[in-house]
Each structure stands twice: as C-alpha cells, then as structure tokens.
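Data from data.cif: mmCIF, C-alpha atoms
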data_run
loop_
_atom_site.label_atom_id
_atom_site.label_comp_id
_atom_site.auth_asym_id
_atom_site.auth_seq_id
_atom_site.Cartn_x
_atom_site.Cartn_y
_atom_site.Cartn_z
CA MET S 1 -11.67 8.66 0.81
CA HIS S 2 -8.81 7.27 2.86
CA GLU S 3 -10.66 7.35 6.21
CA MET S 4 -13.66 5.47 4.82
CA GLY S 5 -11.41 2.70 3.53
CA ILE S 6 -9.80 2.33 6.95
CA ILE S 7 -13.22 2.32 8.66
CA LEU S 8 -14.32 -0.55 6.39
CA HIS S 9 -11.34 -2.59 7.56
CA LEU S 10 -11.87 -1.62 11.18
CA ALA S 11 -15.51 -2.75 10.97
CA LYS S 12 -14.49 -6.05 9.38
CA THR S 13 -11.85 -6.75 12.03
CA LEU S 14 -14.38 -5.96 14.78
CA GLU S 15 -17.11 -8.11 13.26
CA GLU S 16 -14.69 -11.05 13.02
CA THR S 17 -13.73 -10.57 16.67
CA ALA S 18 -17.39 -10.34 17.68
CA GLU S 19 -18.16 -13.59 15.90
CA GLN S 20 -15.21 -15.43 17.47
CA GLU S 21 -15.91 -14.17 20.97
CA LYS S 22 -19.70 -14.48 20.57
CA ILE S 23 -20.21 -10.80 21.33
CA LYS S 24 -23.70 -9.39 20.72
CA ALA S 25 -22.94 -5.69 20.97
CA ILE S 26 -19.83 -3.55 21.17
CA THR S 27 -20.36 -0.39 23.21
CA ARG S 28 -16.98 1.29 22.83
CA VAL S 29 -13.97 0.98 20.52
CA THR S 30 -10.70 2.50 21.69
CA LEU S 31 -8.12 3.29 19.04
CA GLU S 32 -4.58 4.55 19.40
CA VAL S 33 -3.87 6.85 16.48
CA GLY S 34 -0.43 8.32 15.87
CA GLU S 35 -0.04 12.04 15.27
CA VAL S 36 1.57 11.43 11.88
CA SER S 37 -0.47 8.38 10.82
CA GLY S 38 -2.23 10.48 8.21
CA ILE S 39 -5.68 9.97 9.74
CA VAL S 40 -7.85 13.05 10.17
CA THR S 41 -9.59 12.15 13.41
CA ASP S 42 -12.64 14.45 13.02
CA TYR S 43 -13.35 13.07 9.60
CA PHE S 44 -12.67 9.57 10.84
CA ALA S 45 -15.29 9.96 13.60
CA ASP S 46 -17.87 11.21 11.06
CA CYS S 47 -17.21 8.19 8.84
CA TRP S 48 -17.58 5.89 11.85
CA ASN S 49 -20.92 7.39 12.89
CA TYR S 50 -22.24 6.97 9.39
CA PHE S 51 -20.97 3.43 9.04
CA ARG S 52 -21.75 1.82 12.40
CA LYS S 53 -25.51 2.17 11.79
CA ARG S 54 -25.22 -0.41 9.05
CA HIS S 55 -23.80 -3.11 11.31
CA PRO S 56 -25.96 -4.43 14.16
CA VAL S 57 -23.02 -5.44 16.36
CA LEU S 58 -21.36 -2.01 15.97
CA GLU S 59 -24.45 0.18 16.17
CA THR S 60 -23.96 1.11 19.84
CA ALA S 61 -20.18 1.45 19.64
CA GLU S 62 -18.78 4.86 20.55
CA LEU S 63 -15.40 5.62 19.04
CA GLU S 64 -12.67 6.76 21.41
CA ILE S 65 -9.41 7.94 19.90
CA ILE S 66 -6.26 8.20 22.00
CA PRO S 67 -3.70 10.33 20.17
CA ILE S 68 -0.11 9.07 20.24
CA PRO S 69 2.41 11.93 20.01
CA ALA S 70 5.02 11.49 17.29
CA VAL S 71 8.61 11.21 18.52
CA THR S 72 11.75 11.15 16.39
CA TRP S 73 15.11 9.65 17.33
CA CYS S 74 18.34 11.32 16.27
CA ASP S 75 21.08 8.84 15.35
CA ALA S 76 23.80 11.49 15.57
CA CYS S 77 23.25 12.79 19.13
CA LYS S 78 21.17 9.84 20.42
CA ARG S 79 18.36 12.05 21.65
CA THR S 80 14.66 12.30 20.88
CA TYR S 81 12.45 15.24 19.94
CA PRO S 82 8.80 15.97 19.01
CA THR S 83 8.35 15.22 15.29
CA VAL S 84 5.51 17.59 14.45
CA GLN S 85 7.34 20.63 15.81
CA TYR S 86 10.78 20.01 14.30
CA GLY S 87 10.28 17.63 11.35
CA ARG S 88 13.26 15.78 9.96
CA THR S 89 16.08 17.92 11.33
CA CYS S 90 17.22 17.34 14.91
CA PRO S 91 16.72 20.52 17.01
CA HIS S 92 19.55 19.46 19.38
CA CYS S 93 22.38 18.99 16.89
CA GLY S 94 21.02 19.85 13.41
CA SER S 95 21.56 16.34 12.00
CA GLY S 96 19.26 14.85 9.36
CA GLU S 97 20.07 11.27 10.44
CA THR S 98 16.74 10.89 12.18
CA TRP S 99 14.07 8.18 12.44
CA LEU S 100 10.46 8.18 13.50
CA LEU S 101 10.21 6.23 16.78
CA ARG S 102 6.43 6.37 17.18
CA GLY S 103 3.42 8.31 15.97
CA ASN S 104 2.68 6.37 12.81
CA GLU S 105 0.47 3.69 14.37
CA CYS S 106 -3.21 2.98 14.11
CA ILE S 107 -4.12 0.28 16.61
CA ILE S 108 -7.35 -1.11 18.04
CA LYS S 109 -6.41 -0.99 21.71
CA GLU S 110 -9.53 -2.46 23.24
CA ILE S 111 -13.28 -2.82 22.93
CA GLU S 112 -15.97 -2.62 25.56
CA VAL S 113 -18.77 -5.14 25.11
CA LYS S 114 -22.17 -5.95 26.59
CA GLU S 115 -22.11 -9.21 28.50
CA MET B 1 -19.60 -4.39 30.71
CA LYS B 2 -16.44 -6.20 29.80
CA ILE B 3 -13.27 -4.87 28.23
CA ILE B 4 -11.45 -6.97 25.66
CA GLU B 5 -7.86 -6.02 24.81
CA LEU B 6 -7.14 -6.40 21.10
CA LYS B 7 -3.87 -4.59 20.37
CA GLU B 8 -4.39 -5.26 16.66
CA THR B 9 -3.69 -2.95 13.79
CA ILE B 10 -6.86 -1.62 12.21
CA THR B 11 -6.15 -3.44 8.97
CA ALA B 12 -5.58 -6.83 10.67
CA SER B 13 -8.49 -8.51 8.86
CA ASN B 14 -7.08 -7.37 5.52
CA ASP B 15 -3.61 -8.62 6.45
CA ARG B 16 -5.05 -12.08 7.17
CA ASP B 17 -7.00 -12.17 3.88
CA ALA B 18 -3.85 -11.10 2.02
CA GLU B 19 -1.77 -13.86 3.62
CA VAL B 20 -4.32 -16.51 2.56
CA LEU B 21 -4.46 -15.19 -1.01
CA ARG B 22 -0.65 -15.11 -1.25
CA GLY B 23 -0.52 -18.76 -0.14
CA GLU B 24 -3.07 -19.80 -2.78
CA LEU B 25 -1.17 -17.98 -5.53
CA LYS B 26 2.09 -19.61 -4.42
CA GLN B 27 0.41 -23.04 -4.73
CA LYS B 28 -0.72 -22.19 -8.25
CA GLY B 29 2.70 -20.84 -9.23
CA THR B 30 1.26 -17.46 -10.18
CA LEU B 31 3.34 -14.44 -9.22
CA LEU B 32 1.13 -11.46 -8.40
CA ILE B 33 2.88 -8.10 -8.58
CA ASN B 34 1.35 -5.03 -6.95
CA LEU B 35 2.42 -2.17 -9.22
CA MET B 36 2.13 1.23 -7.55
CA ALA B 37 2.92 4.81 -8.59
CA SER B 38 1.52 8.31 -8.92
CA PRO B 39 -1.00 9.02 -11.68
CA GLY B 40 0.93 9.49 -14.90
CA ALA B 41 4.19 7.87 -13.79
CA GLY B 42 3.96 5.45 -16.71
CA LYS B 43 2.53 2.24 -15.20
CA THR B 44 0.50 1.26 -18.26
CA THR B 45 3.22 2.25 -20.71
CA LEU B 46 5.80 0.19 -18.78
CA LEU B 47 3.45 -2.80 -18.86
CA GLU B 48 2.73 -2.46 -22.58
CA ARG B 49 6.43 -2.68 -23.41
CA THR B 50 7.12 -5.43 -20.86
CA ILE B 51 4.28 -7.58 -22.22
CA ARG B 52 5.45 -7.08 -25.82
CA ASP B 53 8.96 -8.21 -24.80
CA LEU B 54 8.02 -11.15 -22.54
CA GLY B 55 4.57 -12.14 -23.81
CA ASP B 56 5.95 -15.11 -25.77
CA GLU B 57 7.79 -16.69 -22.83
CA LEU B 58 5.42 -15.88 -19.94
CA LYS B 59 1.66 -16.05 -19.70
CA ILE B 60 0.78 -12.61 -18.39
CA ALA B 61 -2.46 -10.97 -17.26
CA VAL B 62 -3.12 -7.48 -15.95
CA MET B 63 -5.72 -6.22 -13.50
CA GLU B 64 -6.34 -2.51 -13.90
CA ALA B 65 -7.58 -0.83 -10.74
CA ASP B 66 -9.15 2.55 -11.19
CA VAL B 67 -11.81 4.61 -9.53
CA ASP B 68 -13.57 4.71 -12.89
CA SER B 69 -13.23 4.01 -16.67
CA ASP B 70 -11.53 1.20 -18.61
CA VAL B 71 -9.04 3.13 -20.75
CA ASP B 72 -6.03 1.30 -19.31
CA ALA B 73 -7.56 -2.19 -19.69
CA VAL B 74 -8.27 -1.41 -23.36
CA ARG B 75 -4.61 -0.39 -23.87
CA ILE B 76 -3.33 -3.62 -22.26
CA GLU B 77 -5.66 -5.81 -24.33
CA ARG B 78 -4.12 -4.37 -27.49
CA THR B 79 -0.81 -6.00 -26.47
CA GLY B 80 -2.53 -9.41 -26.56
CA ALA B 81 -2.44 -9.97 -22.78
CA LYS B 82 -5.58 -10.69 -20.86
CA ALA B 83 -6.83 -7.67 -18.90
CA VAL B 84 -9.63 -7.05 -16.44
CA GLN B 85 -10.82 -3.74 -15.11
CA ALA B 86 -11.40 -3.54 -11.36
CA HIS B 87 -13.30 -0.56 -10.06
CA THR B 88 -12.62 0.49 -6.51
CA ASP B 89 -15.96 2.31 -6.10
CA GLY B 90 -14.30 5.57 -5.16
CA MET B 91 -11.76 4.00 -2.83
CA CYS B 92 -8.16 5.18 -3.11
CA HIS B 93 -6.52 1.74 -3.04
CA MET B 94 -7.01 -2.00 -3.65
CA ASP B 95 -7.24 -4.36 -0.69
CA ALA B 96 -6.99 -8.16 -0.55
CA GLY B 97 -10.74 -8.71 -0.96
CA MET B 98 -10.98 -6.52 -4.07
CA THR B 99 -7.87 -8.21 -5.48
CA ARG B 100 -9.39 -11.66 -5.00
CA ARG B 101 -12.55 -10.58 -6.86
CA ALA B 102 -10.48 -9.11 -9.69
CA LEU B 103 -8.47 -12.36 -9.95
CA GLU B 104 -11.72 -14.32 -10.25
CA GLY B 105 -12.54 -12.07 -13.22
CA LEU B 106 -9.48 -13.50 -15.02
CA GLY B 107 -11.09 -16.96 -15.14
CA ASP B 108 -9.50 -20.37 -14.71
CA GLU B 109 -6.50 -19.96 -17.02
CA ALA B 110 -3.10 -20.50 -15.38
CA PHE B 111 -0.90 -17.39 -15.53
CA ASP B 112 2.81 -17.14 -14.73
CA LEU B 113 2.51 -13.47 -13.92
CA VAL B 114 -0.44 -11.29 -12.95
CA VAL B 115 0.17 -7.57 -12.50
CA LEU B 116 -2.18 -5.54 -10.38
CA GLU B 117 -1.93 -1.97 -11.62
CA ASN B 118 -3.02 -0.21 -8.45
CA VAL B 119 -4.79 3.15 -8.23
CA GLY B 120 -2.41 6.03 -9.06
CA ASN B 121 -1.51 7.23 -5.57
CA LEU B 122 1.68 7.10 -3.46
CA ILE B 123 -0.03 7.02 -0.07
CA CYS B 124 -2.95 4.64 0.46
CA PRO B 125 -1.88 1.67 -1.70
CA ALA B 126 1.28 1.39 0.42
CA GLU B 127 -0.80 0.72 3.52
CA PHE B 128 -2.89 -2.17 2.22
CA ASP B 129 -1.52 -5.63 1.56
CA THR B 130 -3.21 -7.01 -1.58
CA GLY B 131 -1.78 -10.52 -1.29
CA ALA B 132 0.86 -9.81 -3.95
CA GLY B 133 4.15 -11.74 -3.92
CA ARG B 134 6.19 -8.66 -4.87
CA ARG B 135 5.62 -4.93 -4.69
CA VAL B 136 7.03 -2.75 -7.44
CA MET B 137 6.80 1.03 -7.51
CA LEU B 138 7.51 3.54 -10.25
CA LEU B 139 8.80 7.07 -9.91
CA SER B 140 9.03 9.14 -13.09
CA VAL B 141 11.75 11.71 -13.68
CA PRO B 142 9.31 14.68 -13.95
CA GLU B 143 7.97 13.93 -10.46
CA GLY B 144 11.30 14.83 -8.87
CA ASP B 145 13.99 13.14 -6.79
CA ASP B 146 12.50 14.29 -3.48
CA LYS B 147 9.58 11.85 -3.50
CA PRO B 148 11.23 9.38 -1.07
CA LEU B 149 11.24 12.21 1.48
CA LYS B 150 7.55 12.96 0.97
CA TYR B 151 6.12 9.44 0.69
CA PRO B 152 8.48 7.30 2.79
CA LEU B 153 6.11 4.36 3.39
CA MET B 154 5.75 3.58 -0.32
CA PHE B 155 9.55 3.31 -0.67
CA ARG B 156 9.79 1.27 2.54
CA VAL B 157 7.30 -1.42 1.46
CA SER B 158 8.42 -1.81 -2.16
CA ASP B 159 10.80 -4.57 -3.30
CA VAL B 160 11.63 -2.71 -6.50
CA LEU B 161 11.83 0.94 -7.52
CA ILE B 162 11.77 1.67 -11.24
CA ILE B 163 12.72 5.21 -12.21
CA THR B 164 10.82 5.81 -15.45
CA LYS B 165 10.98 8.36 -18.31
CA THR B 166 14.78 8.61 -18.15
CA ASP B 167 14.69 9.89 -21.77
CA VAL B 168 13.44 13.28 -20.55
CA ALA B 169 16.14 13.61 -17.85
CA PRO B 170 18.03 16.35 -19.78
CA TYR B 171 15.04 18.67 -19.32
CA PHE B 172 14.65 18.13 -15.57
CA ASP B 173 16.90 18.59 -12.55
CA PHE B 174 16.43 15.02 -11.39
CA ASP B 175 19.39 13.92 -9.25
CA PHE B 176 19.50 10.12 -9.75
CA GLU B 177 22.16 9.50 -7.10
CA ALA B 178 20.34 11.59 -4.48
CA CYS B 179 17.06 9.84 -5.27
CA LYS B 180 18.59 6.37 -4.99
CA ALA B 181 20.40 7.26 -1.75
CA ARG B 182 17.11 8.52 -0.25
CA ALA B 183 15.26 5.38 -1.30
CA ARG B 184 18.03 3.11 0.09
CA LYS B 185 18.09 4.99 3.36
CA LEU B 186 14.42 4.09 3.81
CA ASN B 187 14.82 0.56 2.44
CA PRO B 188 18.36 -0.86 2.18
CA ASN B 189 17.12 -3.95 0.27
CA ILE B 190 15.27 -2.13 -2.51
CA THR B 191 16.28 -3.07 -6.07
CA ILE B 192 16.44 -0.04 -8.38
CA PHE B 193 16.15 0.16 -12.18
CA GLU B 194 16.26 3.16 -14.50
CA VAL B 195 14.20 2.78 -17.66
CA SER B 196 12.65 4.58 -20.58
CA ALA B 197 9.65 2.83 -22.13
CA LYS B 198 10.02 5.15 -25.11
CA THR B 199 13.58 4.14 -26.05
CA GLY B 200 13.74 0.76 -24.28
CA ASP B 201 16.77 1.83 -22.24
CA GLY B 202 17.14 -0.22 -19.07
CA PHE B 203 14.40 -2.71 -19.95
CA ALA B 204 16.76 -5.69 -20.25
CA ALA B 205 17.73 -5.46 -16.55
CA TRP B 206 14.12 -4.99 -15.38
CA GLU B 207 12.91 -7.91 -17.50
CA ASP B 208 15.73 -10.15 -16.24
CA TRP B 209 14.63 -9.38 -12.70
CA LEU B 210 11.03 -10.19 -13.65
CA ARG B 211 11.96 -13.54 -15.24
CA ALA B 212 13.98 -14.49 -12.15
CA ALA B 213 11.15 -13.41 -9.82
CA VAL B 214 8.61 -15.57 -11.72
CA ALA B 215 10.98 -18.57 -11.66
CA ASP B 216 11.71 -18.03 -7.97
CA TRP B 217 7.97 -17.89 -7.14
CA LYS B 218 7.40 -21.28 -8.78
CA HIS B 219 9.96 -22.97 -6.49
#

The structure in this file should be written as structure tokens.
Amino acid sequence: MHEMGIILHLAKTLEETAEQEKIKAITRVTLEVGEVSGIVTDYFADCWNYFRKRHPVLETAELEIIPIPAVTWCDACKRTYPTVQYGRTCPHCGSGETWLLRGNECIIKEIEVKE
Amino acid sequence: MKIIELKETITASNDRDAEVLRGELKQKGTLLINLMASPGAGKTTLLERTIRDLGDELKIAVMEADVDSDVDAVRIERTGAKAVQAHTDGMCHMDAGMTRRALEGLGDEAFDLVVLENVGNLICPAEFDTGAGRRVMLLSVPEGDDKPLKYPLMFRVSDVLIITKTDVAPYFDFDFEACKARARKLNPNITIFEVSAKTGDGFAAWEDWLRAAVADWKH
C-alpha cells in the first residue's frame, strides 16, 4: 500500500500548513508527480478520495496531478532523451553512462484555499 | 479563492519529524540504525550474530518492523538483547512517527545502539526518513548482482551495503566486482562489506565499522 502511505504524509503536511496559515478549507491540491516516481496516479486519486473525507480541512480538496516527463542525461554525448521510451541506454550514442535529470519527483506545488 | 505556493515534497512533514528525532537521539548518545533489505536477505540472522559478538561491550536493542507477527522479535530476544515488535498496520515501510512510538516501547533504558529492522522491501523504506543516524542495507548473494540497477534509490540513500550469504557464492553467478561497481556508481561514498553469518567471514570488519559508528555518534 505504497500510495496510501504517501497520502497519509501528504495529508499531514497539508494539515500542518492549514494550521500555520489559519486555513479553514483547502479546495484544491496541485501535485507535480514524475513519470518514474513509482506513483500510480489512478490509484493515488482513489486513495485521496477515500482519505480526505476523514479530515475536515481536506474534505473539499480536489486533487490535481501534473505529470512531469522523465528525462535522462547522457554523460558521453552530453544530450538528453526521454527516459520511459529508451531506459538506461542513450539512443543517440549507445552509452550507458546516463543519469536521470527529472521525473522522480513528487512535490506539492500549490494549494487553493477558501478565504 | 487564494492560491498558496508550497513547493514542498509530499513527505516534508515526515522529514521534519525525522530531523527532530535524530537530534534527540544524538543528545542521548544513542545511535539508531535503519536496517533495510529484501525479505529473506538475512537481516535477523545478521543481527543475531552481531549481538552475540558485541553484546558485552555495547548495550543494544532491536525494533522489529513487520506488517504482522513477532517471529523476528522472539529470535532477537533469545540473544539476550531487548527487542520490541512494531507493526506497521499493513504499511510497507516505517516512518519517523512509527519509529518514535517503537522507541518509546523500549522504555527508559539508555542504549548505545538501537537497530530498526525495517519491513523487508527495497523500495518504500528508502523513501522515508525514520530519524536514524545511519542507514545500512543488505543484499544477499542469491538475490543477484543486478539489484543496484533495479532499486537505485535504496543504494543511493544507504551509508553501508552488506553483501550477505557469501558462503553460498559458489552456487550462484554473483559477480561481486560488478555489484560493487554498480553500487558505487549510484553512491560513491557507500561502505561495502561482504559477510557470511553462517561462517562468520567478514564480520570483524563490519563490527569494527559499527563500533566506530557508535563512538562517533557519541561525540
């Protein structure tokens, strides 16, 4: 239940923010989720809809997920390529000296709140 | 409606809790090690031997994290060390809050070393900071030398990699050099040991590291 564990932490982070900023209700949560972060977004949304009903401040919060495409950097030819399509081996030069540049993140970008 | 920019990682609240817990443990002089590996890599067996070897010089406790059962805690208690069983209620990893509750279960005794034996899993435990001072991972020979390629984050976040079950190496095609090179490519600072809990091979080096880590944590 990886997604549920992450949702628990997301809810806690949001509740702490709501308390600090004296927010009564969050209406939207926008997340940036990398293509290779390991989060199954459909399942994640289901978990969220189940969970938010248990927290007054989150009850009205719609979840918006912005996917971040995964991009890999090749150290040999100094070029980038899409990670999901080509994996570890650079499609330009065939090198394996490659590093994930982005696509692994899971960030709370912003929240929309009732004033 | 108002928009508030957060730009925080989803686990930010856990990261803060973990930082606080780590500070408290540093004050007390208790080194907490987050021990991570696949199911069956030999976490409990490694601990049994380590406690038998070091139990007289260090006060050691173990927190066993499992989805269910207490079989591992019972095994640890037989070595004479204090053990508590933490259940994760179906969750695939321990976080800082669960770790704090498990530590409370150990009572008020002062320990030099507390080992959190995390849920057997190479993915989720790597993502959650428990508040431990050091992270140690095991990879057993039968699992194969390609694991750094498949579970890079675990190798990236660990301070130590212990390759276990080296006694069965003749029966497997485990390439030690390739495995170590893959791990070091992900994490140039990782310290690597090769051990067999069955024969005791390699334990002296691992236990020297452990002694030094405990002493270092107290300073």

Quiz item: Counting only C-alpha atoms, what is within 9 Å of Pro67 (chain S), bar same-chain residues fewer than 2 positions away, as a VMD selection string?
Solution: chain S and resid 31 to 35 65 69 103

Resulting file, chosen residues, C-alpha atoms, as an mmCIF file, in the coordinates of the input:
data_model
loop_
_atom_site.group_PDB
_atom_site.id
_atom_site.type_symbol
_atom_site.label_atom_id
_atom_site.label_comp_id
_atom_site.auth_asym_id
_atom_site.auth_seq_id
_atom_site.Cartn_x
_atom_site.Cartn_y
_atom_site.Cartn_z
ATOM 1 C CA LEU S 31 -8.120 3.290 19.040
ATOM 2 C CA GLU S 32 -4.580 4.550 19.400
ATOM 3 C CA VAL S 33 -3.870 6.850 16.480
ATOM 4 C CA GLY S 34 -0.430 8.320 15.870
ATOM 5 C CA GLU S 35 -0.040 12.040 15.270
ATOM 6 C CA ILE S 65 -9.410 7.940 19.900
ATOM 7 C CA PRO S 69 2.410 11.930 20.010
ATOM 8 C CA GLY S 103 3.420 8.310 15.970
#

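Listed by chain and then by number, the residues chosen by the PyMOL selection byres ((chain S) within 6 of (chain B)) in this file are Met1, His9, Leu10, Thr13, Cys106, Ile107, Ile108, Lys109, Glu110, Ile111, Glu112, Val113, Lys114 and Glu115 of chain S.
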
Expected selection from the PyMOL selection byres ((chain B and resi 54-60) around 7), given as a short mmCIF file (atom, residue, chain, number, x, y, z; two decimals) with C-alpha atoms, in the coordinates of the input:
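Written out: expr14.cif:
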data_model
loop_
_atom_site.label_atom_id
_atom_site.label_comp_id
_atom_site.auth_asym_id
_atom_site.auth_seq_id
_atom_site.Cartn_x
_atom_site.Cartn_y
_atom_site.Cartn_z
CA THR B 50 7.12 -5.43 -20.86
CA ILE B 51 4.28 -7.58 -22.22
CA ARG B 52 5.45 -7.08 -25.82
CA ASP B 53 8.96 -8.21 -24.80
CA ALA B 61 -2.46 -10.97 -17.26
CA VAL B 62 -3.12 -7.48 -15.95
CA ALA B 81 -2.44 -9.97 -22.78
CA PHE B 111 -0.90 -17.39 -15.53
CA ASP B 112 2.81 -17.14 -14.73
CA LEU B 113 2.51 -13.47 -13.92
CA VAL B 114 -0.44 -11.29 -12.95
#

Quiz item: Which residues fall under the PyMOL selection byres ((chain S and resi 24) around 12) in this file, as a list in words?
Solution: Leu14, Glu15, Glu16, Thr17, Ala18, Glu19, Gln20, Glu21, Lys22, Ile23, Ala25, Ile26, Thr27, His55, Pro56, Val57, Leu58, Glu59, Thr60, Ala61, Glu112, Val113, Lys114 and Glu115 of chain S; Met1 of chain B

Practice problem: Figure out the distance between CA of Ala96 (chain B) and CA of Asp129 (chain B), please, to one decimal in Å. | Solution: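 A separation of 6.4 Å between them.
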
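Coordinates place CA of Ile39 (chain S) at a distance of 9.6 Å from CA of Asn104 (chain S).
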
Quiz item: Quick one: of B:Val141, B:Ala197, B:Val84, B:Leu103, who's nearest to Cys179 (chain B), counting all atoms listed in the file?
Solution: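 Going through B:Val141, B:Ala197, B:Val84, B:Leu103 one by one, the smallest distance to Cys179 (chain B) is for B:Val141.
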
Exercise. For CA of Ala41 (chain B) and CA of Trp217 (chain B), determine how far apart the two atoms are, in Å to one decimal place.
Key: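 Between CA of Ala41 (chain B) and CA of Trp217 (chain B) the gap works out to 26.9 Å.
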
Practice problem: Write out as a PyMOL selection string which residues come within 10 Å of Arg79 (chain S) when counting all atoms listed in the file, dropping same-chain ones fewer than 3 positions away. | Solution: chain S and resi 72-76+90-93+98

Quiz prompt | Contacts of Ala169 (chain B) at 10 Å (all atoms listed in the file; same-chain gap of 5+ positions) as a list in words | solution = Ser140, Val141, Pro142, Thr164, Phe174, Asp175 and Phe176 of chain B

Quiz item: When distances are computed from only C-alpha atoms, which of B:Pro125, B:Asp173, B:Arg182, B:Gly40 shows the smallest separation from Gly96 (chain S)?
Solution: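 Of all the options, B:Arg182 lies closest to Gly96 (chain S).
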
Quiz prompt | Contacts of Asp42 (chain S) at 12 Å (all atoms listed in the file; same-chain gap of 3+ positions) as a PyMOL selection string | solution = chain S and resi 3+39+45-49+63-65

Quiz item: Skipping near chain neighbours, those fewer than 5 positions away, what residues fall within 10 Å of Ala183 (chain B) using all atoms listed in the file, listed as an MDAnalysis selection string?
Solution: chainID B and resid 145:149 152 154:156 158 161 177:178 188:192
